[in-house]
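Chemist: Below is one structure. I have some questions about it.
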Amino acid sequence: MPNLFAKKAFKHSLLAGVSVAAISMGVDVASAQQSVEEVDELIVQGIRKSLKSSGDIKRNAKGIVDAISAEEMGKFPDTNLAESLQRISGVSIDRQRGEGSTVTVRGFGPEYNLVTFNGRQLATSTLGDGASAPSSRSFDFANLASESVAGLSIYKTGRAGVPSGGIGSVININTTRPLDDPGFKATGSYKIVSDESSNGGSSETPEISALVSNTWDINEGTFGVSLSLISQERESSVNEATVGWRDAYYGAEGNWGSIVGNDNHTVTNGPGDTDVYRIPQNMGYALKDYDSERFNGLLTFQYAPNEKITATVDILKATYEIEERRNNVSIWFNHGNVASVWGDGNPTPIVSYTETFDAAAPSDFSMGAGLTANENILDSIGLNLEVQATENLSLVFDYNRSSSESKPNSEYGSNNDIGTAAIQLAGQGIDFSGGLPIMSVTGQTDQATLFSSASRQFTGNVFRYAYMKSDIDQGQVHGSYDFTNNDTVNDYIDSIDFGVSIIENEIESKYGFRQNDTWGGIPGNTPANTPDDLFKLTNLQSAFDGMSGANQLISQFHRFDFAETADFLRTNYNVCGTDNVCFPGYTGNNRTLEEETTSLYIQLNKEFELFGRPANVVAGLRHEETEVTSTALSQVPVASNWATANEFYLGFAPGENFLTQTAEYDYQLPSLDFDFDFTDDIKFRMSWSETITRPTYSDLQAGYTVDQLFRIDRGTGSGGNPELLPFESENLDLSAEYYYGDVSYFSVGYFTKDVSNWITSGNVDVAPFNVGHPGQGPRYDAAVAALGDTDANAVRNWIIANYPESTSVDANGLTVINGLSTDPDIPFRFTAPTNGANEETIDGWEIAWQHDFTDTGFGFVANYTIVDGSAEYNNLVNAAAGNQFALVGLSDSANLVGYYDKDGIQARIAYNWRDTFLNATGNHPTYVEEYEQIDVSASYRVNDNVTVFFDGINMTEEDLPRTHGRDSSYTFFAAPGFARYYFGLRYTY
């Protein structure tokens with residue numbers, strides 16, 4: 001079958017004349033493999049009928065279940081599955097480059113939600129930013145296009161027959177199967193995507209999809225085949241302002257970088273002694289251009305020799321390639337001659353922070369280029385056999401093997417950076433008084449020289465290689481026995497469901513990098529021998545058009561091409577070694593994790609009458625056993641060097657030191673669902689369950705990781721803990737639902753989750769490696785005494801001049817100061833995960849209203865979710881107190897969709913809103929500010945075969961969600977937002 005998934009051949013043949021593609025066809029079956037409620041949903045044309053189908057699923061399901069049909073996803077302006085899911089109450093999404101990436105359900109982020117594919121666990125892998133060793137379990141919905149999916153079911157409560165792993169939810173992706181809708185079916189679409197964010201001007205790229213399905217009668221049986229193919233290309237840009245911050249301080253602290261105890265620091269309206277504040281470490285503006293290409297292919301064979309047996313084979317191939325080319329301009333603070341202005345409050349808001357430099361020691365004005373290029377490849381094959389063994393007994397045998405691989409897609413690595421500098425700065429600063437932080441720079445001579453390409457020279461560079469692969473083998477047997485014909489048992493039980501599942505999950509991740517810490521300048525390279533034609537002067541202000549304060553930005557900076565520059569540097573300065581090969585091998589963070597999970601479950605079902613009205617009870621118990629084997633490479637520091645004023649780095653012992661640890665755990669997970677039809681239109685529902693979510697792969701790693709770079713105050717590192725237990729959640733849901741029309745309903749639900757075994761990260765301060773700190777000790781003390789100054793540059797130069805025997809020249813030709821045994825050992829702050837004893841409660845309300853104005857064609861869908869948690873981050877406690885525990889991702893959210901569907905015209909306008917939420921804890925909390933977005937879609941059915949459509953994403957061009965620290969003035973990220981438009985034609989045969 002390889003040719004079926006040949007991307008280029010597919011594109012060429014489709015563009016040449018294939019006129020059919022897949023958007024909406026099939027049946028939504030809540031996976032029979034899981035022995036959960038089977039719901040047949042006929043995908044029909046029209047918004048109203050689609051909404052009716054979703055309402056029927058909600059009404060008839062056992063437990064709290066929501067669903068979306070392919071008709072909704074295909075005709076809503078959603079580029080992927082995450083953007084479709086955000087329309088469901090209680091579901092919010094995280095966006096990357098303005099496109100949905102991962103989901104948060106009831107305040108629980110992507111790590112707490114399990115995604116299954118036709119009831120099977122799907123292998124997942126991601127490199128994230130490609131600049132560190134990967135670790136995430138979370139499923140990135142960018143890997144699958146929404147057009148290839150028949151439907152989604154989201155289970156918000158646990159059930160014995162539903163796989164464990166998601167205390168937030170379990171999301172099942174259902175695919176098209178030919179026997180669900182017999183006969184010949186063919187549909188296709190062609191879209192042009194216009195993305196307004198592109199820095200080169202609005203970009204137009206194609207999206208093509210196709211589906212063909214057919215069935216044949218063979219003897220007395222039926223054979224069917226369906227094939228869906230989707231190809232998408234996209235060009236986009238993100239232009240961002242970012243600020244890096246140092247540790248939080250109390251106003252009375254006099255540590256390095258703080259605003260007290262520094263004779264060269266002028267403070268205006270400074271914090272009080274007990275107030276908490278932070279100071280900026282660096283700031284930059286970056287222009288990032290993205291090219292992405294997604295391909296999905298799904299081939300399904302089905303054969304039913306008779307009414308009692310159905311065999312199915314699913315073959316999935318999905319690839320997602322993304323390349324990011326970036327340029328940035330940045331400054332770095334040395335915290336010397338500084339002036340700062342502060343606002344009132346606690347944490348104390350920062351207004352401005354500026355620093356000046358002596359003419360004899362100017363600072364560097366940095367401009368860099370980077371390249372991130374990665375590829376995700378997902379393969380899956382599933383075999384399924386459904387057998388009606390007897391009149392009462394049905395069995396399902398299922399096997400799935402899936403593999404997901406994420407790897408670099410460039411000879412330079414997965415994430416790479418090259419730095420340049422004009423060592424011309426007399427002053428620098430940041431104005432924080434607006435939402436967009438404003439950088440200011442002053443040249444030693446004049447601004448023209450500062451921004452001239454003739455003043456630039458190359459500095460440090462780094463080539464990073466990250467890799468992750470996940471392999472899953474899963475075997476399942478599920479059964480159901482119907483007691484309808486057994487009068488004795490039927491008085492108590494209608495049916496019993498049971499099953500067993502064995503999952504073997506092997507995860508491999510590794511990381512390597514080649515870093516040249518020549519941040520003071522590559523030896524031998526000067527502005528005079530740096531080619532001016534590598535640099536292109538670029539307008540910066542226009543890249544932030546629409547943001548308040550954009551006209552105050554520096555007007556321009558130099559962009560340069562990473563690949564062209566890397567070739568110049570490795571040819572002339574050996575930045576990739578004498579062999580000019582940038583890949584150093586996967587020398588660090590090599591990890592292998594093996595998990596084997598065996599699950600058994602039994603579930604009892606009973607329909608009865610209560611007060612003369614229909615009622616249902618589903619009671620079950622799931623048993624889980626998991627064995628963990630974790631192996632990781634741990635590096636041992638044996639040397640240290642002082643490279644530049646603020647840069648220190650470690651040397652590691654040669655060879656490999658692998659550490660293997662094992663652990664196991666088991667759980668009993670009960671569940672109970674009850675629903676009662678109070679009237680023909682009103683339903684009450686109660687669900688109680690216990691669920692678990694397993695720790696991240698990085699938390700389960702054996703050994704430890706030591707960061708190569710360290711600072712004047714300490715080194716840093718992290719360790720894992722293979723003996724971590726899963727998060728445990730006891731869940732209770734109560735809901736009332738009023739179905740007052742074919743399409744219309746109103747529901748109110750309350751949920752509460754008591755979660756224990758929270759995994760927290762604690763700090764441990766140790767000095768375990770017997771490696772001297774070159775920035776401390778007798779040499780440092782002698783330099784300070786001789787100079788009467790603690791300026792890092794001056795101290796470093798004095799030591800080099802007076803202690804030449806303790807210096808060396810590194811691989812980059814840079815003179816470095818070596819750590820000695822007479823120096824104090826380098827102190828390290830390690831972070832390590834552990835299960836906390838605390839139990840936290842998350843509760844909230846989900847309110848949903850779906851209303852259709854009968855024959856007018858108009859209607860609306862509205863929902864509002866309120867989420868609250870018992871653990872909040874205390875912004876008034878500084879970093880010295882250690883990491884705090886708090887719940888991340890909790891926020892209220894709302895959706896409002898208005899639609900029109902009549903006479904072949906369909907139109908929707910959708911409003912999505914999410915409130916501010918805590919995004920990260922630890923020493924430096926980050927908050928994502930509230931965000932709202934308006935999307936629209938419209939289509940016109942020209943005839944029975946042809947439909948033309950238009951979709952618009954973020955029509956009001958809202959800025960991307962801004963992130964900040966303890967106070968809103970501590971900006972981490974700010975970026976403008978842009979609209980994205982789709983114009984297309986759909987043909988149905």
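Starting from 1 in every chain, residues are counted up; chains themselves are A, B, ... following the order of the structure tokens, and ligands are numbered from 1 as listed.
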I'd like the neighbourhood of Gly819 in chain A as a list in words, where a residue qualifies if any of its atoms comes within 6 Å (using only C-alpha atoms), though same-chain residues fewer than 5 positions away should be ignored.

Modeler: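 Final neighbour list, sorted by chain and number: Ser640, Asn641, Gly772, His773 and Pro774 of chain A.
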
Chemist: Store the residues picked out above in a file with C-alpha atoms, as an mmCIF file, in the first residue's frame.

Modeler:
data_model
loop_
_atom_site.group_PDB
_atom_site.id
_atom_site.type_symbol
_atom_site.label_atom_id
_atom_site.label_comp_id
_atom_site.auth_asym_id
_atom_site.auth_seq_id
_atom_site.Cartn_x
_atom_site.Cartn_y
_atom_site.Cartn_z
ATOM 1 C CA SER A 640 33.840 24.531 34.904
ATOM 2 C CA ASN A 641 34.806 27.622 32.923
ATOM 3 C CA GLY A 772 35.034 24.701 41.788
ATOM 4 C CA HIS A 773 33.220 27.900 40.854
ATOM 5 C CA PRO A 774 35.572 30.169 38.835
#

Chemist: Neighbouring residues of Pro804 in chain A were defined as those with any atom within 12 Å, considering only C-alpha atoms; residues of the same chain fewer than 3 positions away were excluded. Please report them as a tab-separated table (two decimals) with C-alpha atoms, in the first residue's frame.

Modeler:
chain	number	residue	atom	x	y	z
A	779	ARG	CA	40.98	34.82	42.76
A	796	ARG	CA	37.18	38.57	34.72
A	797	ASN	CA	39.82	40.55	32.79
A	798	TRP	CA	41.85	41.12	35.98
A	799	ILE	CA	41.91	37.39	36.77
A	800	ILE	CA	42.97	36.54	33.21
A	801	ALA	CA	45.82	39.07	33.44
A	807	THR	CA	43.09	29.99	32.16
A	808	SER	CA	42.79	28.07	28.93
A	809	VAL	CA	41.55	28.51	25.38
A	815	THR	CA	40.11	32.51	26.71
A	816	VAL	CA	38.24	31.11	29.70
A	817	ILE	CA	38.92	31.00	33.44
A	818	ASN	CA	39.02	27.46	34.80

Chemist: Can you pull out every residue within 9 Å of Asp675 in chain A, counting only C-alpha atoms, but drop anything in the same chain fewer than 5 positions away, and send it as a list in words?

Modeler: Lys62, Gly63, Pro614, Ala615, Asn616, Val617, Lys683, Phe684, Arg685, Met686 and Ser687 of chain A

Chemist: Compile the contact shell of Thr916 in chain A as a list of chain:residue names: residues with an atom at most 10 Å away, counting only C-alpha atoms, same-chain residues fewer than 6 positions apart removed.

Modeler: A:Gly889, A:Leu890, A:Ser891, A:Asp892, A:Ser893, A:Tyr927, A:Val928, A:Glu929, A:Glu930, A:Tyr931, A:Pro961, A:Arg962, A:Thr963

Chemist: Leaving out Gly244 in chain A and any residue of its chain fewer than 6 positions from it, which residues lie within 8 Å of it when counting only C-alpha atoms, given as a ChimeraX atom specification?

Modeler: /A:280-283,972
